[in-house]
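In what follows, a structure is listed as structure tokens, so that the remarks can point back to it.
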Amino acid sequence: MKSFKILTFGCQMNEHDSEKLAGILKAEGYRESERLEDAGLVLLNTCSIREKAEQKFYSALGKLRELKEQNPSMKIAVSGCIAQQEGNSVLKRAPYVDVLFGNQNIGRLPSLLEDSGQPASTEFPEGYEHAVISASRENAVTSFVNIMYGCDNFCTYCVVPFVRGRERSRRPGDIVREIEELVKSGCREVTLLGQNVNSYGPVDRHQGAGHDDAGRPVSGASEDICNFPELLKEINTIGGLCRIRFVTSHPKDLSDSLIDAMANLPKVCNAIHLPLQSASDSVLGCMNRKYTFADYMEKLNRLKASVPDLAVSTDIIAGFPGETEDDFRATLEAIEDIRYDGIFAFKYSRRPMTAALKLPGHLPEKVKDERLYKVLEVQDKIMQEKIGARVGLVEEVLVEGPDKLSRGAIHCARRLAGKTRQGKIVNFEGPPELVGQLVQIKITEGKKHSLIGVLI
Ligand code: SAH
Ligand code: SF4
Ligand code: F3S
């Protein structure tokens, strides 16, 4: 029987694309192998957001080359953002790669596998956002659902607009139908995915289609156009669904109506990922983020005032070109004031095609490393305090499955894992029948990145 193994790098968007790729391969009669060595097809779904991600890909590719030398019938496929960005140059550098395709060409995988040796497929076909590709999801209880693709923001450091193309929103009806189907097969929580979910909107805004003179939608336009808060309102009505999360929110597009939706829709969780990147207005300006630190704080404070017990996480870039000691200090102070529940911090990394390459004031690696280290050090302490503050509380937990240690042994597992509404991981003892249910857990202990509790 044909077999495959997918190695995924990068963000949730890529994780979900890997679920779609697995869905396609299973429908073609492939089975998923546990071990890389046993797979007839190894697919690398790549990320190019930072240099490190690219290095990881090339080192994985090097290892696969050795495996292929021992087993020449093994096929190697490369997809994702490096494939999209570098196309044929990956094939030149690594001629042992059999198939290479970009983010919008996922659906072509079966035909590419039949006839490997073709050049890179990296075009952006029309209507990709409406293609229905059944994903093979790892977890039945919580699922990723794309609501939009691409990004129009062109932050000066970022490759995403180049590798994922222009912003395109899926039709609300398609999204709702997908979630209804997921709920039928046991899903209780969805995470809506988009690079900038706050600008989810009329399909015709992105496609240049629109309405005829009588106001009727013309071809290509959405059947019932809505914005992101309205979409949340619709998803909130789906029976059997318990929770709704979403990533990522761009601060510039966080509207009052989204704040209202988060405050009033019972299924929308009290958690938001709101990337700050830097607290210095001059750095934010050079990043093309289109908000000031004061704008960010004003929105965040309104959000916190409206949504009780809100968990906030963020992304920070340390050592952006031109970042002075004062700029960096402002960011550290903001982190101390805001007290995030989680931070993804990165040192600035030069990326091909991005405008920041040409900015003056690129900093030495050593300075970037030191600044990153400081961010992580400050945040570690805050996170420990925030986790510790949950001890003693009773939290609603959606049970997702056995905890990491008992995975693969569901029938005898007594250790379960789930998440609180804030999105914090909780481990506790309980029977496997609880998977998929909402339970009340008394938190007894805080670990580094998770909580321990007892079922009540
Ligand atoms: N669309 C999301 C996520 C984009 S990528 C958003 O706008 O927030 C995730 C994070 O990677 C970004 O928020 C940024 O902090 C970081 N990142 C992107 N490009 C980078 C680069 N060239 N160097 C360092 N960090 C980068
Ligand atoms: Fe990249 Fe900015 Fe778009 Fe996020 S909003 S994906 S950081 S360009
Ligand atoms: Fe995601 Fe990396 Fe592509 S962060 S969008 S997989 S560049």
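Just remember, in the structure tokens the first chain shown is A, the second B, etc., residues are 1-based per chain, and ligands are 1-based in the order shown.
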
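With a cut-off of 9 Å and using only C-alpha atoms and all ligand atoms, the polymer residues contacting ligand 2 are Ile49, Gly150, Cys151, Asp152, Asn153, Phe154, Cys155, Thr156, Tyr157, Cys158, Val159, Val160, Pro161, Phe162, Arg164, Gly194, Gln195, Asn196, Thr248, Ser249, His250, Pro275, Gln277, Met287, Asn288 and Arg289 of chain A.
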
Output file for the selection above: C-alpha atoms, as a PDB file, in the first residue's frame:
```pdb
ATOM      1  CA  ILE A  49       8.975  33.432   7.891  1.00  0.00           C
ATOM      2  CA  GLY A 150      -3.317  35.835   2.064  1.00  0.00           C
ATOM      3  CA  CYS A 151      -2.455  39.274   3.420  1.00  0.00           C
ATOM      4  CA  ASP A 152      -2.484  42.810   2.026  1.00  0.00           C
ATOM      5  CA  ASN A 153      -0.630  44.544   4.830  1.00  0.00           C
ATOM      6  CA  PHE A 154       2.976  44.334   3.674  1.00  0.00           C
ATOM      7  CA  CYS A 155       4.621  44.831   7.052  1.00  0.00           C
ATOM      8  CA  THR A 156       8.135  45.618   5.895  1.00  0.00           C
ATOM      9  CA  TYR A 157       9.768  42.562   7.511  1.00  0.00           C
ATOM     10  CA  CYS A 158       7.256  39.958   6.397  1.00  0.00           C
ATOM     11  CA  VAL A 159       7.200  37.447   3.514  1.00  0.00           C
ATOM     12  CA  VAL A 160       3.581  36.368   3.998  1.00  0.00           C
ATOM     13  CA  PRO A 161       2.025  38.708   1.366  1.00  0.00           C
ATOM     14  CA  PHE A 162       4.504  37.304  -1.163  1.00  0.00           C
ATOM     15  CA  ARG A 164       0.255  33.634   0.429  1.00  0.00           C
ATOM     16  CA  GLY A 194      -6.507  34.110   8.723  1.00  0.00           C
ATOM     17  CA  GLN A 195      -3.411  36.330   8.654  1.00  0.00           C
ATOM     18  CA  ASN A 196      -5.626  39.240   9.617  1.00  0.00           C
ATOM     19  CA  THR A 248      -4.564  36.554  14.070  1.00  0.00           C
ATOM     20  CA  SER A 249      -6.007  39.972  14.830  1.00  0.00           C
ATOM     21  CA  HIS A 250      -4.201  42.978  13.414  1.00  0.00           C
ATOM     22  CA  PRO A 275       0.680  41.255  17.922  1.00  0.00           C
ATOM     23  CA  GLN A 277       5.789  43.863  17.487  1.00  0.00           C
ATOM     24  CA  MET A 287       7.488  48.298  10.100  1.00  0.00           C
ATOM     25  CA  ASN A 288       4.440  49.759   8.279  1.00  0.00           C
ATOM     26  CA  ARG A 289       2.162  48.533  11.070  1.00  0.00           C
TER      27      ARG A 289
END
```

Mind checking which residues fall within 7 Å of stretch 327-342 of chain A, counting only C-alpha atoms, ignoring those fewer than 2 positions away in the same chain, and posting them as a ChimeraX atom specification? /A:278-280,311-314,323-325,344,375,382-383,386

Give me a file of those residues, with N, CA, C and O atoms, as a PDB file, in the first residue's frame.
```pdb
ATOM      1  N   SER A 278       6.386  46.036  18.463  1.00  0.00           N
ATOM      2  CA  SER A 278       7.283  46.980  19.128  1.00  0.00           C
ATOM      3  C   SER A 278       6.412  48.050  19.782  1.00  0.00           C
ATOM      4  O   SER A 278       5.303  48.302  19.323  1.00  0.00           O
ATOM      5  N   ALA A 279       6.938  48.679  20.850  1.00  0.00           N
ATOM      6  CA  ALA A 279       6.163  49.754  21.482  1.00  0.00           C
ATOM      7  C   ALA A 279       6.697  51.125  21.072  1.00  0.00           C
ATOM      8  O   ALA A 279       6.256  52.143  21.601  1.00  0.00           O
ATOM      9  N   SER A 280       7.662  51.159  20.142  1.00  0.00           N
ATOM     10  CA  SER A 280       8.197  52.446  19.707  1.00  0.00           C
ATOM     11  C   SER A 280       7.489  52.890  18.429  1.00  0.00           C
ATOM     12  O   SER A 280       7.433  52.141  17.445  1.00  0.00           O
ATOM     13  N   ALA A 311      -7.513  36.865  28.276  1.00  0.00           N
ATOM     14  CA  ALA A 311      -6.096  36.484  28.113  1.00  0.00           C
ATOM     15  C   ALA A 311      -5.579  37.143  26.841  1.00  0.00           C
ATOM     16  O   ALA A 311      -6.235  37.094  25.803  1.00  0.00           O
ATOM     17  N   VAL A 312      -4.409  37.773  26.942  1.00  0.00           N
ATOM     18  CA  VAL A 312      -3.849  38.463  25.782  1.00  0.00           C
ATOM     19  C   VAL A 312      -2.458  37.919  25.499  1.00  0.00           C
ATOM     20  O   VAL A 312      -1.630  37.832  26.409  1.00  0.00           O
ATOM     21  N   SER A 313      -2.209  37.554  24.260  1.00  0.00           N
ATOM     22  CA  SER A 313      -0.856  37.158  23.879  1.00  0.00           C
ATOM     23  C   SER A 313      -0.405  38.040  22.724  1.00  0.00           C
ATOM     24  O   SER A 313      -1.215  38.758  22.124  1.00  0.00           O
ATOM     25  N   THR A 314       0.902  37.984  22.428  1.00  0.00           N
ATOM     26  CA  THR A 314       1.416  38.913  21.414  1.00  0.00           C
ATOM     27  C   THR A 314       2.649  38.360  20.722  1.00  0.00           C
ATOM     28  O   THR A 314       3.200  37.333  21.132  1.00  0.00           O
ATOM     29  N   GLU A 323      16.311  50.095  15.367  1.00  0.00           N
ATOM     30  CA  GLU A 323      15.786  50.099  16.750  1.00  0.00           C
ATOM     31  C   GLU A 323      16.895  50.577  17.700  1.00  0.00           C
ATOM     32  O   GLU A 323      17.952  49.953  17.783  1.00  0.00           O
ATOM     33  N   THR A 324      16.638  51.677  18.410  1.00  0.00           N
ATOM     34  CA  THR A 324      17.638  52.209  19.341  1.00  0.00           C
ATOM     35  C   THR A 324      17.452  51.559  20.718  1.00  0.00           C
ATOM     36  O   THR A 324      16.457  50.886  20.960  1.00  0.00           O
ATOM     37  N   GLU A 325      18.405  51.846  21.608  1.00  0.00           N
ATOM     38  CA  GLU A 325      18.268  51.351  22.993  1.00  0.00           C
ATOM     39  C   GLU A 325      16.960  51.867  23.606  1.00  0.00           C
ATOM     40  O   GLU A 325      16.281  51.147  24.319  1.00  0.00           O
ATOM     41  N   PHE A 344       5.229  35.414  21.698  1.00  0.00           N
ATOM     42  CA  PHE A 344       6.121  34.786  20.727  1.00  0.00           C
ATOM     43  C   PHE A 344       7.110  35.867  20.332  1.00  0.00           C
ATOM     44  O   PHE A 344       6.723  36.855  19.704  1.00  0.00           O
ATOM     45  N   VAL A 375      13.801  40.093  26.400  1.00  0.00           N
ATOM     46  CA  VAL A 375      12.342  39.954  26.278  1.00  0.00           C
ATOM     47  C   VAL A 375      11.907  38.636  26.907  1.00  0.00           C
ATOM     48  O   VAL A 375      10.967  38.585  27.711  1.00  0.00           O
ATOM     49  N   ILE A 382       6.819  36.954  34.183  1.00  0.00           N
ATOM     50  CA  ILE A 382       5.407  37.360  34.161  1.00  0.00           C
ATOM     51  C   ILE A 382       4.509  36.142  33.936  1.00  0.00           C
ATOM     52  O   ILE A 382       3.481  35.972  34.594  1.00  0.00           O
ATOM     53  N   MET A 383       4.951  35.274  33.016  1.00  0.00           N
ATOM     54  CA  MET A 383       4.114  34.116  32.702  1.00  0.00           C
ATOM     55  C   MET A 383       3.963  33.204  33.910  1.00  0.00           C
ATOM     56  O   MET A 383       2.873  32.693  34.168  1.00  0.00           O
ATOM     57  N   LYS A 386       1.461  34.737  36.093  1.00  0.00           N
ATOM     58  CA  LYS A 386       0.091  34.635  35.560  1.00  0.00           C
ATOM     59  C   LYS A 386      -0.454  33.222  35.699  1.00  0.00           C
ATOM     60  O   LYS A 386      -1.629  33.021  36.013  1.00  0.00           O
TER      61      LYS A 386
END
```

Neighbour list for A:Ile6 as a PyMOL selection string, cut-off 8 Å, only C-alpha atoms, skip fewer than 5 positions in-chain: chain A and resi 18+22+42-45

Tell me, counting only C-alpha atoms and all ligand atoms, for each residue of chain A within 7 Å of ligand 3, which pair of atoms is nearest and how far apart they are in Å to one decimal, in rows ordered by chain and increasing number, as JSON lines.
```
{"residue": "A:Phe9", "atom": "CA", "partner": "ligand 3", "partner_atom_place_in_ligand_line": "6 (S)", "distance": 6.5}
{"residue": "A:Gly10", "atom": "CA", "partner": "ligand 3", "partner_atom_place_in_ligand_line": "6 (S)", "distance": 4.1}
{"residue": "A:Cys11", "atom": "CA", "partner": "ligand 3", "partner_atom_place_in_ligand_line": "1 (Fe)", "distance": 4.2}
{"residue": "A:Gln12", "atom": "CA", "partner": "ligand 3", "partner_atom_place_in_ligand_line": "1 (Fe)", "distance": 6.9}
{"residue": "A:Met13", "atom": "CA", "partner": "ligand 3", "partner_atom_place_in_ligand_line": "1 (Fe)", "distance": 5.7}
{"residue": "A:Asn14", "atom": "CA", "partner": "ligand 3", "partner_atom_place_in_ligand_line": "6 (S)", "distance": 5.0}
{"residue": "A:Thr46", "atom": "CA", "partner": "ligand 3", "partner_atom_place_in_ligand_line": "6 (S)", "distance": 6.2}
{"residue": "A:Cys47", "atom": "CA", "partner": "ligand 3", "partner_atom_place_in_ligand_line": "2 (Fe)", "distance": 3.7}
{"residue": "A:Ser48", "atom": "CA", "partner": "ligand 3", "partner_atom_place_in_ligand_line": "7 (S)", "distance": 4.1}
{"residue": "A:Ile49", "atom": "CA", "partner": "ligand 3", "partner_atom_place_in_ligand_line": "7 (S)", "distance": 4.0}
{"residue": "A:Gly80", "atom": "CA", "partner": "ligand 3", "partner_atom_place_in_ligand_line": "6 (S)", "distance": 6.5}
{"residue": "A:Cys81", "atom": "CA", "partner": "ligand 3", "partner_atom_place_in_ligand_line": "3 (Fe)", "distance": 4.6}
{"residue": "A:Val159", "atom": "CA", "partner": "ligand 3", "partner_atom_place_in_ligand_line": "7 (S)", "distance": 6.4}
{"residue": "A:Val160", "atom": "CA", "partner": "ligand 3", "partner_atom_place_in_ligand_line": "5 (S)", "distance": 5.4}
{"residue": "A:Val163", "atom": "CA", "partner": "ligand 3", "partner_atom_place_in_ligand_line": "3 (Fe)", "distance": 6.7}
{"residue": "A:Arg164", "atom": "CA", "partner": "ligand 3", "partner_atom_place_in_ligand_line": "5 (S)", "distance": 6.5}
```

Store the residues of this selection in a file with C-alpha atoms, as an mmCIF file, in the first residue's frame.
```cif
data_model
loop_
_atom_site.group_PDB
_atom_site.id
_atom_site.type_symbol
_atom_site.label_atom_id
_atom_site.label_comp_id
_atom_site.auth_asym_id
_atom_site.auth_seq_id
_atom_site.Cartn_x
_atom_site.Cartn_y
_atom_site.Cartn_z
ATOM 1 C CA PHE A 9 7.046 23.684 9.683
ATOM 2 C CA GLY A 10 5.522 27.083 10.487
ATOM 3 C CA CYS A 11 2.180 28.472 11.600
ATOM 4 C CA GLN A 12 -1.335 27.061 12.122
ATOM 5 C CA MET A 13 -2.147 27.930 8.521
ATOM 6 C CA ASN A 14 0.529 25.434 7.465
ATOM 7 C CA THR A 46 7.719 24.477 4.645
ATOM 8 C CA CYS A 47 7.824 27.917 6.287
ATOM 9 C CA SER A 48 9.927 30.878 5.240
ATOM 10 C CA ILE A 49 8.975 33.432 7.891
ATOM 11 C CA GLY A 80 4.402 25.510 1.616
ATOM 12 C CA CYS A 81 5.942 28.946 1.774
ATOM 13 C CA VAL A 159 7.200 37.447 3.514
ATOM 14 C CA VAL A 160 3.581 36.368 3.998
ATOM 15 C CA VAL A 163 3.983 33.640 -0.322
ATOM 16 C CA ARG A 164 0.255 33.634 0.429
#
```

With DSSP run on the backbone, what are the helix (DSSP H, G or I) residues within stretch 279-324 of chain A? I'd like them as a VMD selection string. chain A and resid 281 to 286 293 to 306
